[in-house]
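Below is one structure, written out as structure tokens, with a few remarks after it.
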Amino acid sequence: MGEVQVNALVDVSLDIHRGEMIAIVGPSGSGKTTILNRVGGLDAPTQGEVWAEDRQLSTMSLAERTRFRRRRIGFVFQFFNLIPNLTAHENVLVATELVKDPMPADEALEMVGLADRADHFPSQLSGGEQQRVAIARAMAKRPICLLCDEPTGALDFETGKRMLRLLVELKEKQGMTVVLITHNGAIAETADRIVRLRSGRIIELREIANPKPPEEVVW
């Protein structure tokens, strides 16, 4: 920023384990989204290394990172980013065209409880249903990791809890690795581990012996 150098992350070292749900928390500007972008191959670090499946993302070319991200990483954002003139089924199909061995779109929609809404357009779905379509779209690629950036942020309280339950079930029943960014400490307690950031540094890394059931979360 002009003559001022801003370090988004400083001396961050983090292992993400297969089949766990990890929550990254911290105030705005603490580096949460930067970590997600590095893990997902959206950006390369100016220093350090990022490894996934014994491959170093940080030395890949932009084209190589793009292929890796499309095939192996699922993204779920606060805003659903569905294509408005495609049905739920068609929105999921878009993702399946990116990979060699996708999950059938119908199966992905059934897993998120939307088999009966497959032919509906986004404008005909509630916010929670649109978010579930977004998760089905991400899952259909059979990713190694599901990266979620404030996925409950645009949802009401009850819908947000159902969304958390779905993410926990994906971890428990499908063995999905879930990385969840949230500002909300109560939501973070549903994860197996919490990473707390401040000013680009990890100030706490805590294991949760008994993650809180999403039904008990209050925020």
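Each chain of the structure tokens is named A, B, ... in the order shown, its residues numbered from 1; ligands are numbered from 1 in display order.
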*Close residues, Leu125 in chain A itself excluded, 12 Å, only C-alpha atoms, min 2 positions apart in chain, as a list in words*: Phe80, Leu82, Pro84, Thr87, Ala88, Leu114, Asp116, Arg117, Ala118, Asp119, His120, Phe121, Pro122, Ser123, Gly127, Gly128, Glu129, Gln130, Gln131, Arg132, Val133 and Ala134 of chain A
Export, as a CSV table (one decimal), in the first residue's frame, the selected residues with C-alpha atoms.
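Once everything was written out, this is part_29.csv:
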chain,number,residue,atom,x,y,z
A,80,PHE,CA,-24.2,-18.5,-2.9
A,82,LEU,CA,-25.4,-19.7,-8.2
A,84,PRO,CA,-29.6,-17.5,-11.8
A,87,THR,CA,-31.8,-24.9,-12.2
A,88,ALA,CA,-30.3,-26.4,-9.0
A,114,LEU,CA,-32.8,-31.1,-2.2
A,116,ASP,CA,-37.2,-32.7,-4.8
A,117,ARG,CA,-36.0,-29.1,-5.6
A,118,ALA,CA,-33.6,-30.1,-8.5
A,119,ASP,CA,-35.7,-28.4,-11.2
A,120,HIS,CA,-36.1,-25.1,-9.3
A,121,PHE,CA,-34.2,-22.0,-10.2
A,122,PRO,CA,-32.3,-20.0,-7.5
A,123,SER,CA,-35.0,-17.4,-7.3
A,127,GLY,CA,-31.4,-18.8,1.2
A,128,GLY,CA,-30.8,-22.0,3.0
A,129,GLU,CA,-31.7,-24.1,0.0
A,130,GLN,CA,-29.4,-22.0,-2.2
A,131,GLN,CA,-26.6,-22.5,0.2
A,132,ARG,CA,-27.2,-26.3,0.1
A,133,VAL,CA,-27.1,-26.2,-3.7
A,134,ALA,CA,-23.7,-24.4,-3.4
*What residues in range 1-89 of chain A get the DSSP label helix (DSSP H, G or I)? Please answer as a VMD selection string.*
chain A and resid 32 to 39 57 to 59 62 to 72 88 to 89
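For the set A:Pro143, A:Gly74, A:Gly200, A:Gly153, the residue with the smallest atom-to-atom gap to Gly29 in chain A is A:Gly200, counting only C-alpha atoms.
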*Can you list, as number ranges by chain, all residues belonging to range 131-169 of chain A that DSSP tags as strand (DSSP E)?*
A: 145-149
Got time to write the residues from that selection, C-alpha atoms, as a JSON list (two decimals), in the first residue's frame?
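And here is the file that came out, part.json:
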[["chain", "number", "residue", "atom", "x", "y", "z"],
["A", 145, "CYS", "CA", -11.18, -30.40, 1.13],
["A", 146, "LEU", "CA", -14.24, -28.18, 1.45],
["A", 147, "LEU", "CA", -13.32, -24.55, 2.14],
["A", 148, "CYS", "CA", -16.16, -22.51, 3.63],
["A", 149, "ASP", "CA", -15.92, -18.72, 4.00]]
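The space between CA of Ile24 in chain A and CA of Thr159 in chain A spans 21.0 Å.
Proximity ranking of A:Val195, A:Val39, A:Met139, A:Met21 relative to Arg165 in chain A places A:Met21 first, based on only C-alpha atoms.
For Met111 in chain A, the set of protein, DNA and RNA residues having any atom at most 10 Å away, when counting only C-alpha atoms and skipping those fewer than 4 positions along the same chain, is Ala105, Asp106, Glu107, Ala115, Arg132, Ile135, Ala136, Met139, Leu166, Glu169 and Leu170 of chain A.
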Can you write out the residues you just picked, keeping N, CA and C atoms, as a compact mmCIF listing (two decimals), in the first residue's frame?
# COMPACT_ATOMS: atom_id res chain seq x y z
N ALA A 105 -24.89 -35.41 -10.19
CA ALA A 105 -25.54 -34.22 -9.64
C ALA A 105 -26.75 -34.59 -8.79
N ASP A 106 -27.52 -35.57 -9.23
CA ASP A 106 -28.69 -36.00 -8.46
C ASP A 106 -28.29 -36.51 -7.08
N GLU A 107 -27.19 -37.26 -7.04
CA GLU A 107 -26.72 -37.81 -5.77
C GLU A 107 -26.29 -36.70 -4.83
N ALA A 115 -33.30 -33.22 -3.36
CA ALA A 115 -33.65 -33.99 -4.55
C ALA A 115 -34.97 -33.51 -5.15
N ARG A 132 -27.37 -24.80 0.27
CA ARG A 132 -27.22 -26.26 0.13
C ARG A 132 -26.89 -26.64 -1.31
N ILE A 135 -23.27 -26.09 -1.67
CA ILE A 135 -22.49 -27.17 -1.06
C ILE A 135 -22.53 -28.41 -1.95
N ALA A 136 -23.71 -28.72 -2.51
CA ALA A 136 -23.80 -29.86 -3.42
C ALA A 136 -22.90 -29.66 -4.62
N MET A 139 -19.39 -30.36 -3.48
CA MET A 139 -19.20 -31.78 -3.18
C MET A 139 -19.13 -32.63 -4.43
N LEU A 166 -25.24 -29.90 8.37
CA LEU A 166 -24.86 -30.52 7.11
C LEU A 166 -23.34 -30.63 6.99
N GLU A 169 -22.13 -33.38 9.23
CA GLU A 169 -22.46 -34.68 8.68
C GLU A 169 -21.55 -35.05 7.52
N LEU A 170 -21.16 -34.07 6.71
CA LEU A 170 -20.22 -34.35 5.62
C LEU A 170 -18.89 -34.84 6.18
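If only C-alpha atoms are the atoms counted, then among A:Thr33, A:Thr177, A:Val25, A:Glu110 the closest residue to Glu189 in chain A is A:Val25.
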_List as a list in words the protein and nucleic acid residues near Thr96 in chain A, meaning an atom at most 8 Å away when only C-alpha atoms are counted, but skip any in the same chain fewer than 5 places from it._
Pro102, Met103, Pro104, Ala105, Arg137, Ala140 and Lys141 of chain A
Residues of the last selection are to be written out with N, CA and C atoms, as a short mmCIF file (atom, residue, chain, number, x, y, z; two decimals), in the first residue's frame.
data_model
loop_
_atom_site.label_atom_id
_atom_site.label_comp_id
_atom_site.auth_asym_id
_atom_site.auth_seq_id
_atom_site.Cartn_x
_atom_site.Cartn_y
_atom_site.Cartn_z
N PRO A 102 -16.76 -37.27 -11.36
CA PRO A 102 -17.61 -36.51 -10.45
C PRO A 102 -18.68 -37.38 -9.80
N MET A 103 -19.22 -36.86 -8.73
CA MET A 103 -20.42 -37.43 -8.14
C MET A 103 -21.61 -37.03 -9.00
N PRO A 104 -22.54 -37.93 -9.30
CA PRO A 104 -23.71 -37.53 -10.07
C PRO A 104 -24.43 -36.36 -9.39
N ALA A 105 -24.89 -35.41 -10.19
CA ALA A 105 -25.54 -34.22 -9.64
C ALA A 105 -26.75 -34.59 -8.79
N ARG A 137 -22.85 -28.45 -5.14
CA ARG A 137 -21.98 -28.15 -6.29
C ARG A 137 -20.52 -28.38 -5.93
N ALA A 140 -19.84 -32.21 -5.48
CA ALA A 140 -19.94 -33.04 -6.68
C ALA A 140 -18.58 -33.30 -7.33
N LYS A 141 -17.61 -32.47 -7.04
CA LYS A 141 -16.25 -32.68 -7.58
C LYS A 141 -15.46 -33.73 -6.80
#
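Proximity of A:Ile202, A:Val12, A:Leu86, A:Ile73 to Gly26 in chain A, computed with only C-alpha atoms, is greatest for A:Ile202.
The interatomic distance for the pair CA of Ala108 in chain A and CA of Glu90 in chain A works out to 11.9 Å.
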